[in-house]
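Novice: Supplied in structure tokens, the structure appears directly below.
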Amino acid sequence: MRVSHENRARLILAAWVLAVAAMIACDMEPPRGNVYDPANDPEGPRVVSTVPGSGDAGVPVSQVISASFSEAINELSVDHTSFAVVDRNGDYVYGKITCDGATIIFEPHVAMDSAQTYTVVITTAVTDNALNPMVSRYEWSFRTAHQFTPDMVPVAGGTYMRGNNDIAGIDTTAAEYLNGPAHEVVVSSFDIGRYEVTVEEYAEYCRSTGIPTPAAPFGGGKMPVVYVSWYDAVKYCNWLSDIMGYDQCYSTDDNINYECNFAANGYRLPTAAEWEFAARYNPAQGAVMSGEQFSGHVDGGSESIDAYVVYRSNSRGGTEFVDDKAPNCLGLHHMSGNVREWCWDFNEFWIWNYDINSGGQLNELEGKHYYIHCSDAGSVSNPAGYTRVSYSPMHNILRKTYWPLAFSMRGGGWSDGLGDDYTPASPLLTAVRSDSNHSTMDLPTRRRDNLGFRLCRTHVE
């Protein structure tokens, strides 16, 4: 029997009505599939857990990222725009995205950057199988692991005679003016970096914070970083303190004048007194080495200075690896040579007889006076060209009152000589705090190819 088109349509409609009636009679729900049915599924999916968790730190750079939901996800609704992994600049991280039921899984194509904060953003474009969208956008952040951990050497505090009254090649007046009088200084216990901060360590900081990486004219990796200002070094210290879970040492109200909390457990620059103590101290003898000492080299000993120091005569026109030369008695490399190293203090060429210990206080008796440098003229006994200022008990007050002044750089660098007409008091000598060529001081904004820094921390048991 042939059925007309009209009758065929009637039969199909009748069959459909009977099927729906049967399901209703059996209390069954019609299959939703990808059909939007708000009456039976009024809510969209919710995020119930993530890997890594929100706020996690130390996450491996190859970490697989995932988000689990309250119900199965429509995989057609997920792509790099609806499930986005972005870095601190908002740039996408690319990888493979898959759905496993109620879980979205993201596998990065390449390793993420170390010490970087990443954010995962899930938009309301993500739906369930009924095409119900997420109620609201969801996001969380995590931080990848720090790749480099500073190698710090503990230094037991003590009392020592700082400076030197008679450095070879300098007459008495000049020696007193530049590096004397030798005077007693007390330093508390501290930790100091075994090596100068390297190019690869500093580059990690630059990637993490989005700032330009300084030039590395002599090579990267374990070469000491150069072209860093005093401000750059201070900011690196605060960043590293955060990354390592320590309290920041430095604070500022105007990004010009910085104060240091020496009680904080974070990273900082060594004071000039700490630097000199670490460069000259011999724990076996319980005393500092000779005032003419190149760090690690025994004055008058049989070993060549070249075994310890990278300087003008033996360098290849630039820096060497931070572990290239033999260490001093504390196991510290290149305290003399390779790069000049920023310290926290103003240089004493600018503030006469000024000293600071690891507690941040002036280490002199109240009632003395200090001289602020105004010109190159004058001497200790007759300070013509200097302005006499009253004693001030707090280091930070001096810093703000007499800004801007030059900051100390200690240890000399690859371009410095052992002592000649050009620099008679070699900055490579551990007791030299100032020289006539101003190679132990500079403005805090200055960047040079022979200038870097070394980390320090107040010692915490």
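We label chains A, B, ... in the order they appear in the structure tokens, count residues from 1 in each chain, and number ligands from 1 in the order shown.
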I need the strand (DSSP E) residues of stretch 61-268 of chain A per DSSP on the backbone, written as a ChimeraX atom specification.
Specialist: /A:65-69,83-86,95-100,103-108,117-122,138-143,152-155,158-162,183-187,190-193,250-252,258-260,267-268
Novice: Mind checking which residues fall within 12 Å of A:Pro52, counting only C-alpha atoms, ignoring those fewer than 2 positions away in the same chain, and posting them as a list in words?
Specialist: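 What passes the distance filter is Ser49, Thr50, Ser54, Gly55, Asp56, Ala57, Gly58, Val59, Pro60, Val61, Ser62, Gln63, Val64, Ile65, Ser66, Ala67, Ser68, Ile105, Phe106, Tyr118, Thr119, Val120, Trp140, Ser141, Phe142, Arg143 and Thr144 of chain A.
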Novice: Measuring atom to atom with only C-alpha atoms, identify which of A:Ile122, A:Ala284, A:Val234, A:Ala263 is nearest to A:Val86.
Specialist: A:Ile122
Novice: I want to know what sits within 6 Å of stretch 221-225 of chain A, based on only C-alpha atoms, with residues of the same chain fewer than 2 positions away left out; could you give that as an MDAnalysis selection string?
Specialist: chainID A and resid 196:200 320:322 452
Novice: What is the distance, in Å and to one decimal place, between atom CA of A:Arg162 and atom CA of A:Glu292?
Specialist: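 Here the two named atoms are 12.0 Å from each other.
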Novice: Looking only at the backbone, which of the residues in stretch 217-333 of chain A does DSSP tag as alpha helix (DSSP H), as an mmCIF file with N, CA and C atoms, in the first residue's frame?
Specialist:
```cif
data_model
loop_
_atom_site.group_PDB
_atom_site.id
_atom_site.type_symbol
_atom_site.label_atom_id
_atom_site.label_comp_id
_atom_site.auth_asym_id
_atom_site.auth_seq_id
_atom_site.Cartn_x
_atom_site.Cartn_y
_atom_site.Cartn_z
ATOM 1 N N TRP A 230 73.176 51.218 41.769
ATOM 2 C CA TRP A 230 72.896 50.944 43.191
ATOM 3 C C TRP A 230 71.401 50.705 43.370
ATOM 4 N N TYR A 231 70.582 51.503 42.701
ATOM 5 C CA TYR A 231 69.131 51.310 42.770
ATOM 6 C C TYR A 231 68.730 49.940 42.219
ATOM 7 N N ASP A 232 69.335 49.538 41.098
ATOM 8 C CA ASP A 232 69.038 48.231 40.527
ATOM 9 C C ASP A 232 69.316 47.125 41.546
ATOM 10 N N ALA A 233 70.459 47.229 42.214
ATOM 11 C CA ALA A 233 70.859 46.201 43.172
ATOM 12 C C ALA A 233 69.891 46.129 44.354
ATOM 13 N N VAL A 234 69.472 47.286 44.849
ATOM 14 C CA VAL A 234 68.535 47.326 45.976
ATOM 15 C C VAL A 234 67.198 46.691 45.592
ATOM 16 N N LYS A 235 66.714 46.990 44.398
ATOM 17 C CA LYS A 235 65.440 46.421 43.950
ATOM 18 C C LYS A 235 65.544 44.914 43.738
ATOM 19 N N TYR A 236 66.681 44.459 43.241
ATOM 20 C CA TYR A 236 66.901 43.021 43.099
ATOM 21 C C TYR A 236 66.833 42.342 44.465
ATOM 22 N N CYS A 237 67.445 42.957 45.470
ATOM 23 C CA CYS A 237 67.430 42.384 46.820
ATOM 24 C C CYS A 237 65.998 42.229 47.328
ATOM 25 N N ASN A 238 65.165 43.240 47.150
ATOM 26 C CA ASN A 238 63.779 43.152 47.602
ATOM 27 C C ASN A 238 63.008 42.074 46.836
ATOM 28 N N TRP A 239 63.231 42.002 45.521
ATOM 29 C CA TRP A 239 62.555 40.984 44.718
ATOM 30 C C TRP A 239 62.956 39.585 45.175
ATOM 31 N N LEU A 240 64.251 39.370 45.371
ATOM 32 C CA LEU A 240 64.725 38.052 45.775
ATOM 33 C C LEU A 240 64.192 37.681 47.156
ATOM 34 N N SER A 241 64.094 38.656 48.051
ATOM 35 C CA SER A 241 63.513 38.392 49.371
ATOM 36 C C SER A 241 62.088 37.875 49.233
ATOM 37 N N ASP A 242 61.302 38.508 48.365
ATOM 38 C CA ASP A 242 59.925 38.057 48.127
ATOM 39 C C ASP A 242 59.899 36.633 47.576
ATOM 40 N N ILE A 243 60.719 36.382 46.566
ATOM 41 C CA ILE A 243 60.741 35.077 45.914
ATOM 42 C C ILE A 243 61.093 33.974 46.911
ATOM 43 N N ALA A 272 79.748 48.708 54.112
ATOM 44 C CA ALA A 272 81.174 48.746 53.784
ATOM 45 C C ALA A 272 81.996 48.078 54.871
ATOM 46 N N ALA A 273 81.559 48.211 56.140
ATOM 47 C CA ALA A 273 82.273 47.565 57.243
ATOM 48 C C ALA A 273 82.138 46.049 57.166
ATOM 49 N N GLU A 274 80.955 45.556 56.837
ATOM 50 C CA GLU A 274 80.766 44.111 56.670
ATOM 51 C C GLU A 274 81.612 43.594 55.517
ATOM 52 N N TRP A 275 81.599 44.326 54.413
ATOM 53 C CA TRP A 275 82.370 43.892 53.240
ATOM 54 C C TRP A 275 83.849 43.762 53.596
ATOM 55 N N GLU A 276 84.394 44.775 54.249
ATOM 56 C CA GLU A 276 85.821 44.749 54.565
ATOM 57 C C GLU A 276 86.152 43.629 55.541
ATOM 58 N N PHE A 277 85.290 43.408 56.511
ATOM 59 C CA PHE A 277 85.513 42.335 57.480
ATOM 60 C C PHE A 277 85.553 40.982 56.774
ATOM 61 N N ALA A 278 84.587 40.746 55.868
ATOM 62 C CA ALA A 278 84.527 39.472 55.150
ATOM 63 C C ALA A 278 85.705 39.310 54.196
ATOM 64 N N ALA A 279 86.186 40.406 53.621
ATOM 65 C CA ALA A 279 87.302 40.337 52.678
ATOM 66 C C ALA A 279 88.631 40.069 53.384
ATOM 67 N N ARG A 280 88.779 40.534 54.613
ATOM 68 C CA ARG A 280 90.073 40.474 55.298
ATOM 69 C C ARG A 280 90.151 39.428 56.400
#
```
Novice: At what distance in Å, to one decimal, does atom CA of A:Ser114 lie from atom CA of A:Val226?
Specialist: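 Atom-to-atom, atom CA of A:Val226 to atom CA of A:Ser114, that is 21.5 Å.
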